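Asker: What follows is final_14.cif; its format and atoms are mmCIF, C-alpha atoms, pLDDT in the B column; chains and numbers go by the auth columns.
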```cif
data_query
loop_
_atom_site.group_PDB
_atom_site.id
_atom_site.type_symbol
_atom_site.label_atom_id
_atom_site.label_comp_id
_atom_site.label_asym_id
_atom_site.label_seq_id
_atom_site.Cartn_x
_atom_site.Cartn_y
_atom_site.Cartn_z
_atom_site.B_iso_or_equiv
_atom_site.auth_seq_id
_atom_site.auth_asym_id
ATOM 1 C CA MET A 1 34.614 3.720 -27.038 60.00 254 A
ATOM 2 C CA SER A 2 32.278 5.419 -24.678 68.00 255 A
ATOM 3 C CA ARG A 3 28.876 4.150 -23.807 76.00 256 A
ATOM 4 C CA ALA A 4 25.753 6.205 -23.616 70.00 257 A
ATOM 5 C CA PRO A 5 24.610 6.727 -20.030 72.00 258 A
ATOM 6 C CA VAL A 6 21.953 4.300 -18.897 71.00 259 A
ATOM 7 C CA THR A 7 18.815 6.063 -17.796 75.00 260 A
ATOM 8 C CA LYS A 8 15.985 4.349 -15.990 77.00 261 A
ATOM 9 C CA LYS A 9 12.561 4.699 -17.485 81.00 262 A
ATOM 10 C CA PRO A 10 10.186 6.340 -14.982 83.00 263 A
ATOM 11 C CA VAL A 11 7.837 3.865 -13.332 89.00 264 A
ATOM 12 C CA ALA A 12 4.160 4.813 -13.261 94.00 265 A
ATOM 13 C CA MET A 13 3.006 4.827 -9.639 96.00 266 A
ATOM 14 C CA CYS A 14 -0.363 4.452 -7.964 97.00 267 A
ATOM 15 C CA CYS A 15 -1.955 4.544 -4.541 97.00 268 A
ATOM 16 C CA VAL A 16 -4.176 1.608 -3.586 97.00 269 A
ATOM 17 C CA SER A 17 -6.577 2.344 -0.750 96.00 270 A
ATOM 18 C CA ILE A 18 -7.923 -0.690 1.108 93.00 271 A
ATOM 19 C CA ALA A 19 -10.453 0.210 3.783 87.00 272 A
ATOM 20 C CA TYR A 20 -8.638 3.022 5.661 89.00 273 A
ATOM 21 C CA ASN A 21 -5.048 2.208 4.619 94.00 274 A
ATOM 22 C CA ASP A 22 -3.135 3.582 1.623 96.00 275 A
ATOM 23 C CA TYR A 23 -0.285 1.817 -0.198 96.00 276 A
ATOM 24 C CA LEU A 24 2.025 3.455 -2.746 96.00 277 A
ATOM 25 C CA MET A 25 3.327 1.042 -5.406 96.00 278 A
ATOM 26 C CA PRO A 26 4.087 0.674 -9.117 96.00 279 A
ATOM 27 C CA ALA A 27 0.853 1.009 -11.111 97.00 280 A
ATOM 28 C CA ASP A 28 1.118 -2.419 -12.775 97.00 281 A
ATOM 29 C CA LYS A 29 1.346 -4.135 -9.379 97.00 282 A
ATOM 30 C CA GLY A 30 -1.485 -1.989 -7.996 97.00 283 A
ATOM 31 C CA MET A 31 -3.773 -3.066 -10.843 97.00 284 A
ATOM 32 C CA LYS A 32 -2.954 -6.720 -10.126 98.00 285 A
ATOM 33 C CA LEU A 33 -3.683 -6.201 -6.430 97.00 286 A
ATOM 34 C CA VAL A 34 -7.049 -4.576 -7.140 97.00 287 A
ATOM 35 C CA GLU A 35 -7.903 -7.405 -9.534 96.00 288 A
ATOM 36 C CA LEU A 36 -7.100 -10.000 -6.851 95.00 289 A
ATOM 37 C CA LEU A 37 -9.095 -8.176 -4.187 94.00 290 A
ATOM 38 C CA GLN A 38 -12.215 -8.172 -6.379 92.00 291 A
ATOM 39 C CA SER A 39 -12.893 -11.729 -5.209 93.00 292 A
ATOM 40 C CA ALA A 40 -11.810 -11.213 -1.569 93.00 293 A
ATOM 41 C CA PHE A 41 -14.008 -10.914 1.507 94.00 294 A
ATOM 42 C CA ALA A 42 -13.191 -9.562 4.945 91.00 295 A
ATOM 43 C CA ALA A 43 -12.638 -12.472 7.331 92.00 296 A
ATOM 44 C CA ARG A 44 -12.491 -13.032 11.048 94.00 297 A
ATOM 45 C CA LYS A 45 -10.369 -15.929 12.288 94.00 298 A
ATOM 46 C CA ASP A 46 -11.380 -17.529 15.580 94.00 299 A
ATOM 47 C CA TYR A 47 -9.756 -20.389 17.455 93.00 300 A
ATOM 48 C CA GLY A 48 -12.139 -22.848 19.047 88.00 301 A
ATOM 49 C CA ASP A 49 -12.298 -26.428 20.269 89.00 302 A
ATOM 50 C CA HIS A 50 -11.765 -27.846 16.782 89.00 303 A
ATOM 51 C CA GLY A 51 -9.077 -25.453 15.536 94.00 304 A
ATOM 52 C CA TYR A 52 -9.545 -22.303 13.536 95.00 305 A
ATOM 53 C CA THR A 53 -12.838 -21.248 12.020 95.00 306 A
ATOM 54 C CA TYR A 54 -13.242 -18.403 9.559 94.00 307 A
ATOM 55 C CA ALA A 55 -16.256 -16.126 9.293 94.00 308 A
ATOM 56 C CA PHE A 56 -16.508 -13.990 6.194 92.00 309 A
ATOM 57 C CA GLY A 57 -18.164 -10.639 5.806 94.00 310 A
ATOM 58 C CA GLU A 58 -18.345 -7.967 3.162 93.00 311 A
ATOM 59 C CA GLN A 59 -15.947 -7.223 0.355 91.00 312 A
ATOM 60 C CA PRO A 60 -13.369 -4.589 1.304 90.00 313 A
ATOM 61 C CA SER A 61 -13.530 -1.056 -0.032 92.00 314 A
ATOM 62 C CA VAL A 62 -10.710 -0.827 -2.620 94.00 315 A
ATOM 63 C CA GLU A 63 -9.672 2.191 -4.693 96.00 316 A
ATOM 64 C CA LEU A 64 -6.784 2.777 -7.112 97.00 317 A
ATOM 65 C CA SER A 65 -5.498 6.270 -7.927 97.00 318 A
ATOM 66 C CA LEU A 66 -2.712 7.012 -10.387 96.00 319 A
ATOM 67 C CA VAL A 67 -0.003 9.196 -8.831 95.00 320 A
ATOM 68 C CA LYS A 68 2.263 11.696 -10.594 93.00 321 A
ATOM 69 C CA ALA A 69 5.956 11.740 -9.677 89.00 322 A
ATOM 70 C CA SER A 70 5.532 15.314 -8.430 90.00 323 A
ATOM 71 C CA GLN A 71 3.006 14.066 -5.850 92.00 324 A
ATOM 72 C CA ILE A 72 5.450 11.696 -4.151 89.00 325 A
ATOM 73 C CA LYS A 73 7.598 12.811 -1.239 87.00 326 A
ATOM 74 C CA ALA A 74 9.461 11.038 1.542 79.00 327 A
ATOM 75 C CA ARG A 75 7.964 11.157 5.010 73.00 328 A
ATOM 76 C CA ARG A 76 9.932 13.199 7.517 67.00 329 A
ATOM 77 C CA ALA A 77 11.219 11.391 10.598 63.00 330 A
ATOM 78 C CA ASP A 78 10.519 13.029 13.936 60.00 331 A
ATOM 79 C CA THR A 79 11.023 11.879 17.508 59.00 332 A
ATOM 80 C CA ASN A 80 8.645 12.111 20.427 63.00 333 A
ATOM 81 C CA ALA A 81 9.506 13.024 24.030 64.00 334 A
ATOM 82 C CA ALA A 82 10.630 9.439 24.717 65.00 335 A
ATOM 83 C CA GLY A 83 13.080 9.573 21.797 59.00 336 A
ATOM 84 C CA GLN A 84 11.053 7.143 19.668 60.00 337 A
ATOM 85 C CA MET A 85 11.119 7.805 15.939 56.00 338 A
ATOM 86 C CA LEU A 86 7.773 8.841 14.452 60.00 339 A
ATOM 87 C CA LEU A 87 7.009 8.825 10.747 55.00 340 A
ATOM 88 C CA GLY A 88 5.191 11.754 9.247 54.00 341 A
ATOM 89 C CA GLY A 89 4.506 14.784 11.335 49.00 342 A
ATOM 90 C CA PRO A 90 3.631 18.331 10.429 49.00 343 A
ATOM 91 C CA ASP A 91 4.926 19.618 7.106 47.00 344 A
#
```
Is it possible to give me this structure as structure tokens?
Answerer:
Amino acid sequence: MSRAPVTKKPVAMCCVSIAYNDYLMPADKGMKLVELLQSAFAARKDYGDHGYTYAFGEQPSVELSLVKASQIKARRADTNAAGQMLLGGPD
């Protein structure tokens, strides 16, 4: 008896932007992250005489965008003059 080949179902992807950083992840996890961040505030942690204190500020800017599979590509690895690997670079 032969078995039918197992094919993975495509996973819907999204990009979550938090402040000036972007994160690519499965859409279901991105929606959970955005939901959690709805009640978050930016914080600054300072160490003083009595341990850490936390000052809170504004809520972060958060955005979720659905991403098509055709929009996803691997970043190209390049090296600089010192031989250090750089991610990204000109396309």
Asker: Do you have the CA of Leu290 in chain A-CA of Val315 in chain A distance handy?
Answerer: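 CA of Val315 in chain A lies 7.7 Å from CA of Leu290 in chain A.
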Asker: As number ranges by chain, please: the residues near Ser314 in chain A (cut-off 9 Å, all atoms listed in the file, same-chain neighbours under 5 positions excluded).
Answerer: A: 270-273
Asker: Excluding Val287 in chain A and its own-chain neighbours fewer than 3 positions away, which residues fall within 9 Å of it when counting all atoms listed in the file? Please give them as a list in words.
Answerer: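 So the residues in contact are Val269, Lys282, Gly283, Met284, Leu290, Gln291, Val315, Glu316 and Leu317 of chain A.
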Asker: So, with only C-alpha atoms as the atoms that count, which of A:Ser318, A:Ser292, A:Thr306, A:Ser323 lies closest to Asp275 in chain A?
Answerer: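 Under the stated criterion, the closest residue is A:Ser318.
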Asker: Report as lines of an AutoDock Vina configuration file the centre and the edge lengths, in Å to one decimal, of the axis-aligned box holding every listed atom of range 259-262 of chain A, padded by 6 Å on each side.
Answerer:
```
center_x = 17.3
center_y = 5.2
center_z = -17.4
size_x = 21.4
size_y = 13.8
size_z = 14.9
```
Asker: How far is it from CA of Gln312 in chain A to CA of Leu286 in chain A, in Å with one decimal?
Answerer: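 Interatomic distance here is 14.1 Å.
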Asker: Just the number, please: distance in Å from CA of Cys267 in chain A to CA of Gln324 in chain A, one decimal.
Answerer: 10.4 Å
Asker: From the list A:Lys285, A:Pro279, A:Pro258, A:Glu311, which residue is nearest Arg297 in chain A when using all atoms listed in the file?
Answerer: A:Glu311
Asker: Could you state which residues are captured by the PyMOL selection byres ((chain A and resi 308) around 9) in this file, as a ChimeraX atom specification?
Answerer: /A:295-299,306-307,309-310
Asker: With C-alpha atoms retained, export the selected residues as a short mmCIF file (atom, residue, chain, number, x, y, z; two decimals), keeping the file's coordinate frame.
Answerer:
```cif
data_model
loop_
_atom_site.label_atom_id
_atom_site.label_comp_id
_atom_site.auth_asym_id
_atom_site.auth_seq_id
_atom_site.Cartn_x
_atom_site.Cartn_y
_atom_site.Cartn_z
CA ALA A 295 -13.19 -9.56 4.94
CA ALA A 296 -12.64 -12.47 7.33
CA ARG A 297 -12.49 -13.03 11.05
CA LYS A 298 -10.37 -15.93 12.29
CA ASP A 299 -11.38 -17.53 15.58
CA THR A 306 -12.84 -21.25 12.02
CA TYR A 307 -13.24 -18.40 9.56
CA PHE A 309 -16.51 -13.99 6.19
CA GLY A 310 -18.16 -10.64 5.81
#
```
Asker: May I have the residues at most 6 Å from (1.0, 5.1, -5.6) in the file's coordinates, counting all atoms listed in the file, as an mmCIF file with C-alpha atoms, in the frame of the given file?
Answerer:
```
data_model
loop_
_atom_site.group_PDB
_atom_site.id
_atom_site.type_symbol
_atom_site.label_atom_id
_atom_site.label_comp_id
_atom_site.auth_asym_id
_atom_site.auth_seq_id
_atom_site.Cartn_x
_atom_site.Cartn_y
_atom_site.Cartn_z
ATOM 1 C CA MET A 266 3.006 4.827 -9.639
ATOM 2 C CA CYS A 267 -0.363 4.452 -7.964
ATOM 3 C CA CYS A 268 -1.955 4.544 -4.541
ATOM 4 C CA LEU A 277 2.025 3.455 -2.746
ATOM 5 C CA MET A 278 3.327 1.042 -5.406
ATOM 6 C CA VAL A 320 -0.003 9.196 -8.831
#
```
Asker: Please fill the gaps in range 304-322 of chain A so it has N, CA and C atoms, and write that as an mmCIF file, in the coordinates of the input.
Answerer:
```cif
data_model
loop_
_atom_site.group_PDB
_atom_site.id
_atom_site.type_symbol
_atom_site.label_atom_id
_atom_site.label_comp_id
_atom_site.auth_asym_id
_atom_site.auth_seq_id
_atom_site.Cartn_x
_atom_site.Cartn_y
_atom_site.Cartn_z
ATOM 1 N N GLY A 304 -10.030 -26.206 16.354
ATOM 2 C CA GLY A 304 -9.077 -25.453 15.536
ATOM 3 C C GLY A 304 -9.674 -24.137 15.082
ATOM 4 N N TYR A 305 -9.105 -23.604 14.035
ATOM 5 C CA TYR A 305 -9.545 -22.303 13.536
ATOM 6 C C TYR A 305 -10.829 -22.417 12.732
ATOM 7 N N THR A 306 -11.672 -21.419 12.879
ATOM 8 C CA THR A 306 -12.838 -21.248 12.020
ATOM 9 C C THR A 306 -12.749 -19.845 11.426
ATOM 10 N N TYR A 307 -13.309 -19.680 10.262
ATOM 11 C CA TYR A 307 -13.242 -18.403 9.559
ATOM 12 C C TYR A 307 -14.643 -17.938 9.221
ATOM 13 N N ALA A 308 -14.972 -16.731 9.628
ATOM 14 C CA ALA A 308 -16.256 -16.126 9.293
ATOM 15 C C ALA A 308 -15.995 -15.019 8.284
ATOM 16 N N PHE A 309 -16.735 -15.028 7.200
ATOM 17 C CA PHE A 309 -16.508 -13.990 6.194
ATOM 18 C C PHE A 309 -17.601 -12.944 6.250
ATOM 19 N N GLY A 310 -17.235 -11.763 5.797
ATOM 20 C CA GLY A 310 -18.164 -10.639 5.806
ATOM 21 C C GLY A 310 -18.256 -10.018 4.433
ATOM 22 N N GLU A 311 -18.191 -8.711 4.407
ATOM 23 C CA GLU A 311 -18.345 -7.967 3.162
ATOM 24 C C GLU A 311 -17.030 -7.867 2.396
ATOM 25 N N GLN A 312 -17.145 -7.482 1.140
ATOM 26 C CA GLN A 312 -15.947 -7.223 0.355
ATOM 27 C C GLN A 312 -15.339 -5.910 0.833
ATOM 28 N N PRO A 313 -14.006 -5.822 0.840
ATOM 29 C CA PRO A 313 -13.369 -4.589 1.304
ATOM 30 C C PRO A 313 -13.557 -3.452 0.302
ATOM 31 N N SER A 314 -13.496 -2.242 0.815
ATOM 32 C CA SER A 314 -13.530 -1.056 -0.032
ATOM 33 C C SER A 314 -12.131 -0.874 -0.618
ATOM 34 N N VAL A 315 -12.013 -0.918 -1.947
ATOM 35 C CA VAL A 315 -10.710 -0.827 -2.620
ATOM 36 C C VAL A 315 -10.773 0.260 -3.683
ATOM 37 N N GLU A 316 -9.728 1.100 -3.722
ATOM 38 C CA GLU A 316 -9.672 2.191 -4.693
ATOM 39 C C GLU A 316 -8.251 2.321 -5.217
ATOM 40 N N LEU A 317 -8.098 2.568 -6.498
ATOM 41 C CA LEU A 317 -6.784 2.777 -7.112
ATOM 42 C C LEU A 317 -6.753 4.175 -7.707
ATOM 43 N N SER A 318 -5.698 4.932 -7.371
ATOM 44 C CA SER A 318 -5.498 6.270 -7.927
ATOM 45 C C SER A 318 -4.113 6.332 -8.553
ATOM 46 N N LEU A 319 -4.023 6.821 -9.776
ATOM 47 C CA LEU A 319 -2.712 7.012 -10.387
ATOM 48 C C LEU A 319 -2.056 8.231 -9.752
ATOM 49 N N VAL A 320 -0.742 8.157 -9.545
ATOM 50 C CA VAL A 320 -0.003 9.196 -8.831
ATOM 51 C C VAL A 320 1.095 9.742 -9.733
ATOM 52 N N LYS A 321 1.184 11.059 -9.829
ATOM 53 C CA LYS A 321 2.263 11.696 -10.594
ATOM 54 C C LYS A 321 3.525 11.710 -9.751
ATOM 55 N N ALA A 322 4.678 11.705 -10.399
ATOM 56 C CA ALA A 322 5.956 11.740 -9.677
ATOM 57 C C ALA A 322 6.053 12.975 -8.787
#
```
